[in-house]
Amino acid sequence: MSIVINHLTFAYTQGGKPLDPTLKDLTFTIEEGSFLGIIGHTGSGKSTFVKHLNGLLPCEKGTVEVDGHDLSQKSERKSVRALVGMVFQYPEYQLFAETVSEDVAFGPRNMKLDEAEVKNRVINAMTMVGLDPEIFSERSPFDLSGGERRRAAIAGVLAMHPKYLVLDEPMAGLDPLGRREILSLLEKLRTESGCTIIMISHSMDDIANHATKVLVLDQGSILMYDTPQNVFSKADELQQIGLSVPSITKICVEMNRRGVPIPVTICTEDAFLNWFREGRQHA
Amino acid sequence: MRDITLGQFVAGNSVIHKLDPRTKIAMMILYIVMTFLVKEIWFMSIPFAYLVMELVFSGISLRYILNSLKPIRFLLIFMFLLNLFFTKGEHVWLDLGFWKLTGEAVLQSCFLSLRIILLVAGASMLTLTTSPIALTDGLEKLLMPLRIFHFPAHELAMMMTIALRFVPTLMDESEKIRNAQMSRGADFESGNVFKRVKSMIPILIPLFVSSFRKADELAIAMESRCYHGGDGRTRMHQLKFRKEDLAAILITLAFLASLILVMVLL
C-alpha cells in the first residue's frame with residue numbers, strides 16, 4: 001500500500017477567482033515504509049502539498065489515493081484522517097486541554113475508541129515522545145517548556161497510530177538536543193512500527209541523514225524525486241532554486257574542485273567516513 | 001472564512017475619499033441628526049438627496065450600499081410588519097375583523113423602514129470611503145478635547161488600530177488550528193448546536209492563548225521602540241483640514257438648515 005499522487009494541480013482562490021496554481025501537475029508515489037524528505041524554497045508549495053495528503057485541501061484537479069482511499073471523495077476523508085497523522089509547524093500552539101493526557105487523548109477519542117484503549121494509547125504515545133506519563137499526565141500543557149510542549153503535541157498525533165506521519169518543519173525553533181530527539185523518535189517510529197514518514201525540512205543535513213527519498217519542489221512542480229545521494233549530487237541545480245546541499249557534500253564538492261577525487265554523492269558523515277576508510281585501506 | 005474582510009473600505013480617489021476623516025465623521029453625525037429630525041415621510045427626501053449626492057461624488061457603486069443593507073434585511077421586514085400590525089389609524093383600507101389595515105400604518109411602516117435604510121446606508125458611506133486607519137486617526141483627533149476629563153483618546157484609537165490590524169492574523173491562526181484539530185479527527189460540521197459550540201473549544205482555547213502571547217510580544221516590541229503613549233507623539237500622516245472639507249461641512253449644514261426651514265414652514 002502507498003500514497004499515489006496523480007496529476008495533482010491546485011490553485012488558491014481570492015475573492016472567488018483562482019490565483020496562479022500553487023501545485024502544478026504532481027505525479028508520484030510515496031512507498032510505504034519510506035522516509036520522504038520534502039525540500040523547496042519558501043512558497044514552493046510544500047505545505048500546500050501536504051495538506052492534500054489528508055484532505056484538508058480538496059483535490060480539485062488530479063487525485064490523491066491513500067491506501068486505495070480516493071481523497072476526492074468527501075466520504076473517504078474521515079477514514080484517511082485516522083490513517084495520515086499531521087504535525088503542523090509549531091504544533092504546540094494547538095494544545096488546548098487542561099492536562100497533557102487529556103490533550104493527547106483528543107485524537108483517539110475522536111476515533112471513537114473505547115476508554116481503556118484510549119488510556120493505553122495515551123500512555124504509549126507519551127512514553128514514545130519521552131514524556132514520562134507518571135510525571136506529565138496531570139500537568140497543564142501550558143506549564144511545560146517549549147520542547148516538552150512540542151513533544152506533547154506530537155504525542156497527540158502519534159496516539160492515533162497513523163500509518164503515515166506527515167510533519168511540516170517539526171524541528172523549527174528547537175535547540176540541537178530537541179532536534180536530535182525528534183529525529184531519533186521519527187527514526188524509531190519508522191523502523192519499529194513501520195510508519196511512513198513524510199517530513200518537510202529546511203535542514204539539508206537532517207534530510208540527508210534520515211530520508212530514503214527526497215522530493216524537490218520548485219514553484220509548485222517536481223524538480224527531482226530521487227534518493228538523497230542523487231538529489232544532493234546536483235548541487236548547482238539546487239543552488240539555482242535557492243536551496244543548498246548538506247555541509248558534508250559541500251566539503252566533498254570543494255575537495256573535488258581542489259583535485260581530490262571524492263564522489264559528490266556523499267551526503268552523510270557516515271558515507272564520508274566509509275569513503276575515507278576505504279581509501280586508507282587501499283593505500 | 002478567509003474571505004471575510006473587516007470594514008468595507010473601497011479604495012478610491014474621489015473628492016469624498018480625500019476628505020479629512022474628521023470631516024466625514026462630522027458629516028455623518030449631521031446626517032444622522034437630519035434623519036432623526038424628519039417626522040414625516042415626505043421630508044425624508046432631503047436626507048435621501050444628500051445620500052444620493054454623496055454616492056455620486058464618491059463614485060462608489062450602488063451595489064456596495066445594497067450589500068451593506070443585506071445583513072439588516074430581516075430586521076427591516078420584522079420592523080415593517082410590527083408597525084403594520086400595531087399602528088392605529090383612521091383610514092381603514094382592509095378590515096379583517098381582528099385587525100384593520102390602515103393607511104397610517106402603511107405610511108408609518110414605510111417611514112421607519114426608510115429611516116433605518118437611510119441610517120445604515122449613510123453609515124456605510126463613511127466606512128466605504130474611509131480606511132479603518134484613517135477612521136481611527138480621525139476619531140482620535142475628535143476625542144482629543146475630552147482628554148481634560150482624563151479620557152484616554154489616544155489609547156482608545158491605538159487599541160482600535162491594533163484590533164483591526166490583528167483581525168487577518170487571527171483569522172489565519174484560527175484556520176491553522178482548525179486544520180490541526182481536523183487532522184486529529186475533530187468534527188466541526190455535524191451534530192446539534194450544543195455539540196457544535198462544544199466542538200469549537202479546541203479552536204478557541206489555543207486562539208486565546210496565542211492572542212495573549214501576541215499581545216505580550218507586541219507590547220514588548222512597541223516599548224523597545226520607545227512607545228510610551230500619546231503625550232508628545234508626532235504623526236507621520238498629519239490630518240489637514242482643507243478648503244474641500246470646509247465646503248463639505250457647509251453643504252451638509254445647508255441641507256440641515258433647509259430641512260429645518262421646510263419643516264417649520266410647512
# chains A, B, ... in the order shown; residues from 1 in each chain; ligands from 1
$ residues_around --residues "segment 263-277 of chain A" --least-positions-apart "2" --cutoff "12 Å" --atoms "only C-alpha atoms" --output "mmCIF file with N, CA and C atoms, in the first residue's frame"
data_model
loop_
_atom_site.group_PDB
_atom_site.id
_atom_site.type_symbol
_atom_site.label_atom_id
_atom_site.label_comp_id
_atom_site.auth_asym_id
_atom_site.auth_seq_id
_atom_site.Cartn_x
_atom_site.Cartn_y
_atom_site.Cartn_z
ATOM 1 N N MET A 204 19.120 20.559 5.220
ATOM 2 C CA MET A 204 19.567 19.558 4.258
ATOM 3 C C MET A 204 20.294 18.419 4.975
ATOM 4 N N ASP A 205 20.985 18.760 6.067
ATOM 5 C CA ASP A 205 21.706 17.728 6.809
ATOM 6 C C ASP A 205 20.734 16.694 7.378
ATOM 7 N N ASP A 206 19.658 17.175 7.978
ATOM 8 C CA ASP A 206 18.688 16.244 8.558
ATOM 9 C C ASP A 206 18.060 15.381 7.472
ATOM 10 N N ILE A 207 17.731 16.004 6.349
ATOM 11 C CA ILE A 207 17.123 15.242 5.256
ATOM 12 C C ILE A 207 18.104 14.177 4.767
ATOM 13 N N ALA A 208 19.361 14.580 4.548
ATOM 14 C CA ALA A 208 20.357 13.641 4.026
ATOM 15 C C ALA A 208 20.565 12.478 4.982
ATOM 16 N N ASN A 209 20.527 12.776 6.289
ATOM 17 C CA ASN A 209 20.809 11.731 7.271
ATOM 18 C C ASN A 209 19.664 10.744 7.459
ATOM 19 N N HIS A 210 18.447 11.171 7.168
ATOM 20 C CA HIS A 210 17.326 10.305 7.518
ATOM 21 C C HIS A 210 16.458 9.877 6.354
ATOM 22 N N ALA A 211 16.342 10.711 5.317
ATOM 23 C CA ALA A 211 15.385 10.404 4.262
ATOM 24 C C ALA A 211 15.862 9.243 3.395
ATOM 25 N N THR A 227 16.743 9.475 -4.673
ATOM 26 C CA THR A 227 17.422 9.202 -3.411
ATOM 27 C C THR A 227 18.222 10.437 -3.013
ATOM 28 N N PRO A 228 18.476 10.597 -1.696
ATOM 29 C CA PRO A 228 19.242 11.777 -1.277
ATOM 30 C C PRO A 228 20.598 11.867 -1.988
ATOM 31 N N GLN A 229 21.239 10.703 -2.205
ATOM 32 C CA GLN A 229 22.544 10.730 -2.863
ATOM 33 C C GLN A 229 22.453 11.398 -4.229
ATOM 34 N N ASN A 230 21.458 10.977 -5.022
ATOM 35 C CA ASN A 230 21.330 11.527 -6.365
ATOM 36 C C ASN A 230 20.892 12.985 -6.348
ATOM 37 N N VAL A 231 19.975 13.313 -5.424
ATOM 38 C CA VAL A 231 19.490 14.700 -5.375
ATOM 39 C C VAL A 231 20.619 15.647 -4.983
ATOM 40 N N PHE A 232 21.345 15.285 -3.901
ATOM 41 C CA PHE A 232 22.330 16.228 -3.390
ATOM 42 C C PHE A 232 23.609 16.244 -4.223
ATOM 43 N N SER A 233 23.732 15.329 -5.202
ATOM 44 C CA SER A 233 24.909 15.410 -6.069
ATOM 45 C C SER A 233 24.727 16.514 -7.107
ATOM 46 N N LYS A 234 23.486 17.036 -7.195
ATOM 47 C CA LYS A 234 23.244 18.115 -8.169
ATOM 48 C C LYS A 234 23.254 19.457 -7.456
ATOM 49 N N ALA A 235 24.402 19.788 -6.871
ATOM 50 C CA ALA A 235 24.498 20.997 -6.044
ATOM 51 C C ALA A 235 24.151 22.250 -6.830
ATOM 52 N N ASP A 236 24.582 22.316 -8.093
ATOM 53 C CA ASP A 236 24.349 23.537 -8.876
ATOM 54 C C ASP A 236 22.862 23.785 -9.079
ATOM 55 N N SER A 244 20.324 24.402 -0.814
ATOM 56 C CA SER A 244 21.749 24.090 -0.740
ATOM 57 C C SER A 244 21.902 22.589 -0.541
ATOM 58 N N VAL A 245 23.110 22.159 -0.285
ATOM 59 C CA VAL A 245 23.360 20.732 -0.078
ATOM 60 C C VAL A 245 23.854 20.547 1.351
ATOM 61 N N PRO A 246 23.854 19.315 1.873
ATOM 62 C CA PRO A 246 24.343 19.099 3.237
ATOM 63 C C PRO A 246 25.790 19.571 3.375
ATOM 64 N N SER A 247 26.175 19.953 4.605
ATOM 65 C CA SER A 247 27.514 20.525 4.786
ATOM 66 C C SER A 247 28.604 19.553 4.360
ATOM 67 N N ILE A 248 28.349 18.252 4.575
ATOM 68 C CA ILE A 248 29.393 17.287 4.210
ATOM 69 C C ILE A 248 29.552 17.234 2.685
ATOM 70 N N THR A 249 28.448 17.410 1.956
ATOM 71 C CA THR A 249 28.530 17.417 0.500
ATOM 72 C C THR A 249 29.286 18.652 0.014
ATOM 73 N N LYS A 250 29.066 19.762 0.742
ATOM 74 C CA LYS A 250 29.788 20.991 0.378
ATOM 75 C C LYS A 250 31.301 20.736 0.454
ATOM 76 N N ILE A 251 31.713 20.016 1.510
ATOM 77 C CA ILE A 251 33.137 19.715 1.665
ATOM 78 C C ILE A 251 33.616 18.866 0.490
ATOM 79 N N CYS A 252 32.789 17.852 0.118
ATOM 80 C CA CYS A 252 33.173 16.975 -0.994
ATOM 81 C C CYS A 252 33.326 17.761 -2.292
ATOM 82 N N VAL A 253 32.361 18.686 -2.533
ATOM 83 C CA VAL A 253 32.430 19.481 -3.758
ATOM 84 C C VAL A 253 33.712 20.298 -3.778
ATOM 85 N N GLU A 254 34.014 20.895 -2.631
ATOM 86 C CA GLU A 254 35.212 21.737 -2.543
ATOM 87 C C GLU A 254 36.482 20.896 -2.723
ATOM 88 N N MET A 255 36.492 19.656 -2.135
ATOM 89 C CA MET A 255 37.651 18.782 -2.284
ATOM 90 C C MET A 255 37.839 18.410 -3.747
ATOM 91 N N ASN A 256 36.713 18.151 -4.436
ATOM 92 C CA ASN A 256 36.777 17.850 -5.856
ATOM 93 C C ASN A 256 37.418 18.980 -6.640
ATOM 94 N N ARG A 257 36.986 20.199 -6.295
ATOM 95 C CA ARG A 257 37.488 21.376 -7.006
ATOM 96 C C ARG A 257 39.006 21.491 -6.822
ATOM 97 N N GLY A 259 41.003 18.999 -6.539
ATOM 98 C CA GLY A 259 41.720 17.876 -7.114
ATOM 99 C C GLY A 259 41.648 16.568 -6.362
ATOM 100 N N VAL A 260 40.863 16.490 -5.277
ATOM 101 C CA VAL A 260 40.712 15.203 -4.585
ATOM 102 C C VAL A 260 39.497 14.483 -5.194
ATOM 103 N N PRO A 261 39.680 13.325 -5.799
ATOM 104 C CA PRO A 261 38.554 12.658 -6.474
ATOM 105 C C PRO A 261 37.624 11.970 -5.481
ATOM 106 N N GLY A 279 39.749 4.359 1.349
ATOM 107 C CA GLY A 279 40.928 4.954 0.737
ATOM 108 C C GLY A 279 42.175 4.576 1.509
ATOM 109 N N ARG A 280 42.049 4.596 2.844
ATOM 110 C CA ARG A 280 43.209 4.272 3.682
ATOM 111 C C ARG A 280 43.625 2.821 3.500
ATOM 112 N N GLN A 281 42.585 1.944 3.387
ATOM 113 C CA GLN A 281 42.911 0.526 3.220
ATOM 114 C C GLN A 281 43.669 0.296 1.921
ATOM 115 N N HIS A 282 43.251 1.010 0.864
ATOM 116 C CA HIS A 282 43.923 0.880 -0.430
ATOM 117 C C HIS A 282 45.366 1.331 -0.343
ATOM 118 N N ALA A 283 45.616 2.384 0.427
ATOM 119 C CA ALA A 283 46.946 2.970 0.470
ATOM 120 C C ALA A 283 47.899 2.195 1.319
#
$ interface_residues --of "chain A" --to "chain B" --cutoff "7 Å" --atoms "only C-alpha atoms" --output "list of chain:residue names"
A:Gly15, A:Leu56, A:Arg81, A:Ala82, A:Gly85, A:Met86, A:Phe88, A:Tyr93, A:Gln94, A:Leu95, A:Phe96, A:Gly107, A:Asn110, A:Met111, A:Val157
$ write_last_selection --atoms "N, CA and C atoms" --output "tab-separated table (two decimals), in the first residue's frame"
chain	number	residue	atom	x	y	z
A	15	GLY	N	-11.21	36.05	-3.53
A	15	GLY	CA	-12.43	36.72	-3.99
A	15	GLY	C	-13.13	35.96	-5.10
A	56	LEU	N	-7.30	18.04	3.85
A	56	LEU	CA	-7.60	19.36	4.38
A	56	LEU	C	-7.86	20.33	3.24
A	81	ARG	N	-8.10	10.50	7.61
A	81	ARG	CA	-7.51	11.32	8.68
A	81	ARG	C	-6.99	10.46	9.82
A	82	ALA	N	-7.55	9.27	10.00
A	82	ALA	CA	-7.02	8.38	11.03
A	82	ALA	C	-5.77	7.66	10.52
A	85	GLY	N	-1.38	10.92	9.90
A	85	GLY	CA	-1.23	11.86	11.00
A	85	GLY	C	-0.52	13.11	10.50
A	86	MET	N	-0.92	14.26	11.04
A	86	MET	CA	-0.40	15.52	10.52
A	86	MET	C	0.16	16.35	11.65
A	88	PHE	N	1.74	19.92	12.22
A	88	PHE	CA	1.98	21.18	11.53
A	88	PHE	C	3.15	21.93	12.13
A	93	TYR	N	1.11	25.04	19.43
A	93	TYR	CA	0.06	26.06	19.50
A	93	TYR	C	-1.34	25.47	19.36
A	94	GLN	N	-1.43	24.17	19.15
A	94	GLN	CA	-2.76	23.59	19.03
A	94	GLN	C	-3.21	22.92	20.33
A	95	LEU	N	-2.34	22.93	21.35
A	95	LEU	CA	-2.71	22.31	22.62
A	95	LEU	C	-3.84	23.10	23.26
A	96	PHE	N	-4.81	22.40	23.84
A	96	PHE	CA	-5.94	23.15	24.40
A	96	PHE	C	-6.47	22.59	25.71
A	107	GLY	N	-7.37	12.99	19.93
A	107	GLY	CA	-7.43	12.27	18.65
A	107	GLY	C	-8.06	10.89	18.78
A	110	ASN	N	-11.73	11.02	19.26
A	110	ASN	CA	-12.45	11.33	18.03
A	110	ASN	C	-12.58	10.10	17.13
A	111	MET	N	-11.65	9.15	17.32
A	111	MET	CA	-11.73	7.91	16.54
A	111	MET	C	-12.73	6.94	17.15
A	157	VAL	N	-0.69	13.35	18.09
A	157	VAL	CA	-0.87	12.79	16.74
A	157	VAL	C	-0.51	11.30	16.73
$ atom_distance --atom1 "atom CA of Leu177 of chain A" --atom2 "atom CA of Gly242 of chain A"
27.3 Å
$ residues_around --residues "segment 74-90 of chain B" --least-positions-apart "5" --cutoff "9 Å" --atoms "only C-alpha atoms" --output "list of chain:residue names"
B:Trp99, B:Lys100, B:Leu101, B:Thr102, B:Gly103, B:Glu104, B:Ala105, B:Val106, B:Leu107, B:Gln108, B:Ser109, B:Cys110, B:Leu112, B:Ser113, B:Ile116, B:Ile117
$ write_last_selection --atoms "C-alpha atoms" --output "compact mmCIF listing (two decimals), in the first residue's frame"
# COMPACT_ATOMS: atom_id res chain seq x y z
CA TRP B 99 -57.10 43.52 12.53
CA LYS B 100 -57.51 46.56 10.30
CA LEU B 101 -55.01 47.57 7.67
CA THR B 102 -54.91 51.34 7.86
CA GLY B 103 -53.29 53.96 5.64
CA GLU B 104 -51.46 55.39 8.67
CA ALA B 105 -49.92 52.01 9.46
CA VAL B 106 -48.60 51.60 5.94
CA LEU B 107 -47.19 55.10 5.97
CA GLN B 108 -45.61 54.63 9.41
CA SER B 109 -44.06 51.28 8.41
CA CYS B 110 -42.57 52.76 5.26
CA LEU B 112 -39.50 53.78 9.86
CA SER B 113 -38.02 51.31 7.36
CA ILE B 116 -33.29 52.62 9.08
CA ILE B 117 -32.26 52.14 5.46
$ select_by_dssp --residues "segment 82-159 of chain A" --states "helix (DSSP H, G or I)" --output "PyMOL selection string"
chain A and resi 82-83+91-94+100-110+115-128+133-136+141-143+146-158
$ closest_residue --among "B:Cys226, B:Ile60, B:Ala134, B:Leu265" --to "Ala121 of chain B" --atoms "only C-alpha atoms"
B:Ile60
$ residues_around --residues "Phe255 of chain B" --least-positions-apart "6" --cutoff "10 Å" --atoms "only C-alpha atoms" --output "PyMOL selection string"
chain B and resi 30-31+34+46-47+49-50+249+261
$ write_last_selection --atoms "C-alpha atoms" --output "compact mmCIF listing (two decimals), in the first residue's frame"
# COMPACT_ATOMS: atom_id res chain seq x y z
CA LEU B 30 -25.11 65.76 10.94
CA TYR B 31 -26.70 63.35 8.51
CA MET B 34 -31.16 65.00 9.82
CA ILE B 46 -33.87 65.73 1.88
CA PRO B 47 -31.51 63.26 3.64
CA ALA B 49 -30.99 63.60 -1.74
CA TYR B 50 -27.95 64.16 0.47
CA ILE B 249 -19.32 70.79 6.05
CA LEU B 261 -36.74 75.52 7.37
$ select_by_dssp --residues "segment 52-210 of chain A" --states "strand (DSSP E or B)" --output "ChimeraX atom specification"
/A:61-66,69-70,84-87,164-168,196-200
$ residues_around --residues "Phe241 of chain B" --least-positions-apart "5" --cutoff "12 Å" --atoms "only C-alpha atoms" --output "ChimeraX atom specification"
/B:18-24,138,141,246-249
$ residues_around --residues "Glu140 of chain B" --least-positions-apart "5" --cutoff "7 Å" --atoms "only C-alpha atoms" --output "number ranges by chain"
B: 153-154, 157
